[in-house]
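Trainee: Here it is, the structure in full.
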Amino acid sequence: MANIAILGCQWGDEGKGKIVDLLTEKTNAVVRFQGGNNAGHTIWVDGKKSVFHLMPSGVFHPNNILVIGNGVVINPHILWEEINQLSETGIDLKGRLFISDSAHIITNFHSAIDKIREEDKILTKGSKIGTTGLGIGPAYEDKCARVGLRFMDFYDMDLCEEKFYHNAGLHLSSVQAVHKNYELPNLDDIYSSLKEVSLKLLPFVCDTLDLLHKISDKGEHILLEGAQGCFLDIDHGTYPFVTSSNTTIGGALTGTGMSTKMIDQVIGVSKFYATRVGEGPFPTELNDEIGALLQEKGHEKGATTGRDRRCGWLDVCQLQKASLLNGLTSMVLTKLDVLDTLAEIKICTHYLVGGDVDKIENKFPNRTDILSELTPVYETLPGWQSPTKGIREFSELPKNAKSLVKRIEELVKVPVTIVSTGPDRLDTIIRKHPFAD
């Protein structure tokens, strides 16, 4: 048995979808354990691009079952769209897709509330979080307040209807108390649409905790797929500029019901540079021509929002903390080819506090206010200025590209077992396969 968790080491968008898709060739089940349709996994197969927001990334490998765990909040409309999208390409998910009966539901009312809060400076106290406005936060709020709808509620439609209107009433009262002029959607229309689509999904709903333990007991391979990245974690991220779930290894356990004994490897994924969507501190951000080059060559637009990603140099302090939080056993580095034309590559090894050369900080801090005051100190490595796109053997990389990989390994103290040299599944260097005997 080898069960593996794949986690992002930055602020998401690290290329996890490609790596999960690559590794599922040797797995039996792929599991999403947290987040909602605010995540976007981009997969390229044979030059064709597919983007999914809820569907686990192993969908193109027919030997895998696909599990959406209890830690995910699900917009039924989005999930049904993805099922239909795949059906049109000839992929039938009957008997392959399993949705946790304990997973919470995002309604269109949650999405409306989310957008209202982000737009209203009174409700946000003048500062925006940069949320996707897709209802993720309000749905997790309902979960923690113990008033949320779960898929199992649709087995009793009378109770489900009662819970929906009670839930909506709680949100209405809080929003209208602050701002009475918002035009909110019709609740009857929302519930009618929600009921219709959720009933279509019920054949996929089951006790996924029991399912995953049975798969593991048989000695089959399970791949746990995280959404977003380590520093969007609600507890350990750059709060309040975070998502509403646990994106770290703890979320993999609570979001599936799997135990620590069942996780054999934790693989962290990072780009060779750093990106961030939305608001929040970003010490190594580049607001210059190099940042623009990274954005253009890396096609850095959010898969969910379409917003430009902010770009900067790789922050090793961030990766060191990601390893500490998650107990990384190995790392994957992606988008090496984006750096091909640069004469110099920089990596942040520590910071100056407030620009003071006598105040050095070696750790990625918990506090957002401190993080905003840090000045990164870089180690500069020579570039290679030759193409790496599509290279599939580590020995064939330019000398300076190999040196960059080895230097990151030295600083983070975690082996880099996979290097991605392009978006396609085959544009990958596997130095040691996670499922090697």
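Naming scheme: A, B, ... for chains in displayed order of the structure tokens; residues 1 onward per chain; ligands 1 onward as shown.
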Write out as a list in words the residues lying within 8 Å of stretch 403-413 of chain A, counting only C-alpha atoms and excluding same-chain residues fewer than 2 positions away.

Mentor: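 So the residues in contact are Val316, Leu319, Gln320, Ser323, Leu381, Lys399, Asn400, Ala401, Pro415 and Val416 of chain A.
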
Trainee: Give me the residues within 12 Å of A:Lys321 as an mmCIF file with C-alpha atoms, in the first residue's frame, counting only C-alpha atoms and dropping any in the same chain fewer than 2 places off.

Mentor:
data_model
loop_
_atom_site.group_PDB
_atom_site.id
_atom_site.type_symbol
_atom_site.label_atom_id
_atom_site.label_comp_id
_atom_site.auth_asym_id
_atom_site.auth_seq_id
_atom_site.Cartn_x
_atom_site.Cartn_y
_atom_site.Cartn_z
ATOM 1 C CA CYS A 9 3.499 24.813 -0.837
ATOM 2 C CA GLN A 10 2.615 28.393 -1.797
ATOM 3 C CA CYS A 230 -0.445 25.854 2.247
ATOM 4 C CA PHE A 231 -0.481 29.606 2.889
ATOM 5 C CA HIS A 236 -1.665 28.601 9.128
ATOM 6 C CA GLY A 237 -1.973 30.898 6.118
ATOM 7 C CA THR A 248 -2.498 21.583 4.951
ATOM 8 C CA GLY A 268 4.651 19.350 -1.710
ATOM 9 C CA ASP A 315 10.674 32.229 -1.407
ATOM 10 C CA VAL A 316 12.659 29.423 0.236
ATOM 11 C CA CYS A 317 11.544 30.526 3.716
ATOM 12 C CA GLN A 318 7.987 29.859 2.603
ATOM 13 C CA LEU A 319 8.917 26.371 1.366
ATOM 14 C CA SER A 323 7.714 21.431 4.932
ATOM 15 C CA LEU A 324 7.482 22.033 8.674
ATOM 16 C CA LEU A 325 3.681 22.292 8.639
ATOM 17 C CA ASN A 326 3.066 19.278 6.436
ATOM 18 C CA GLY A 327 5.942 16.900 7.101
ATOM 19 C CA LEU A 328 6.930 16.822 3.440
ATOM 20 C CA ASN A 362 14.944 33.563 8.722
ATOM 21 C CA LYS A 363 11.410 32.245 9.071
ATOM 22 C CA PHE A 364 8.201 32.900 7.159
ATOM 23 C CA PRO A 365 6.195 34.629 9.931
ATOM 24 C CA ASN A 366 2.668 33.865 11.080
ATOM 25 C CA LEU A 411 17.943 24.898 1.478
ATOM 26 C CA VAL A 412 14.558 23.249 2.052
ATOM 27 C CA LYS A 413 16.142 19.928 3.115
ATOM 28 C CA VAL A 414 13.571 17.948 1.138
#

Trainee: Excluding stretch 87-95 of chain A and its own-chain neighbours fewer than 6 positions away, which residues fall within 10 Å of it when counting only C-alpha atoms? Please give them as a ChimeraX atom specification.

Mentor: /A:59-60,62,65-66,81,203-204

Trainee: How about saving the chosen residues, C-alpha atoms kept, as a short mmCIF file (atom, residue, chain, number, x, y, z; two decimals), in the first residue's frame?

Mentor:
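And here is the file that came out, selection.cif:
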data_model
loop_
_atom_site.label_atom_id
_atom_site.label_comp_id
_atom_site.auth_asym_id
_atom_site.auth_seq_id
_atom_site.Cartn_x
_atom_site.Cartn_y
_atom_site.Cartn_z
CA VAL A 59 -10.77 11.71 -14.11
CA PHE A 60 -8.86 10.90 -17.32
CA PRO A 62 -10.42 5.10 -16.09
CA ILE A 65 -12.46 5.95 -8.73
CA LEU A 66 -13.04 9.62 -7.88
CA GLU A 81 -22.04 20.83 -15.19
CA PRO A 203 -27.00 8.36 -7.00
CA PHE A 204 -23.33 9.38 -6.53
#

Trainee: Give me the residues near A:Asp210 as a list in words, where near means some atom within 12 Å (using only C-alpha atoms) and where sequence neighbours in that chain fewer than 3 positions away do not count.

Mentor: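 My list of contacting residues is Val67, Gly69, Asn70, Phe98, Ser100, Asp101, Cys206, Asp207, His213, Lys214, Ile215, Ser216, Asp217, Thr256, Gly257 and Met258 of chain A.
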
Trainee: Apply DSSP to the backbone of this structure and, from stretch 9-249 of chain A, keep only the residues in strand (DSSP E or B); write these as number ranges by chain.

Mentor: A: 29-32, 35, 41-45, 48-52, 65-68, 72-74, 97-100, 104-105, 150, 205-206, 222-225

Trainee: Please determine, counting only C-alpha atoms, which residue among A:Arg367, A:Leu97, A:Gly306, A:Lys297 has the shortest atom-to-atom distance to A:Asp235.

Mentor: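 Comparing A:Arg367, A:Leu97, A:Gly306, A:Lys297 against A:Asp235, the winner is A:Arg367.
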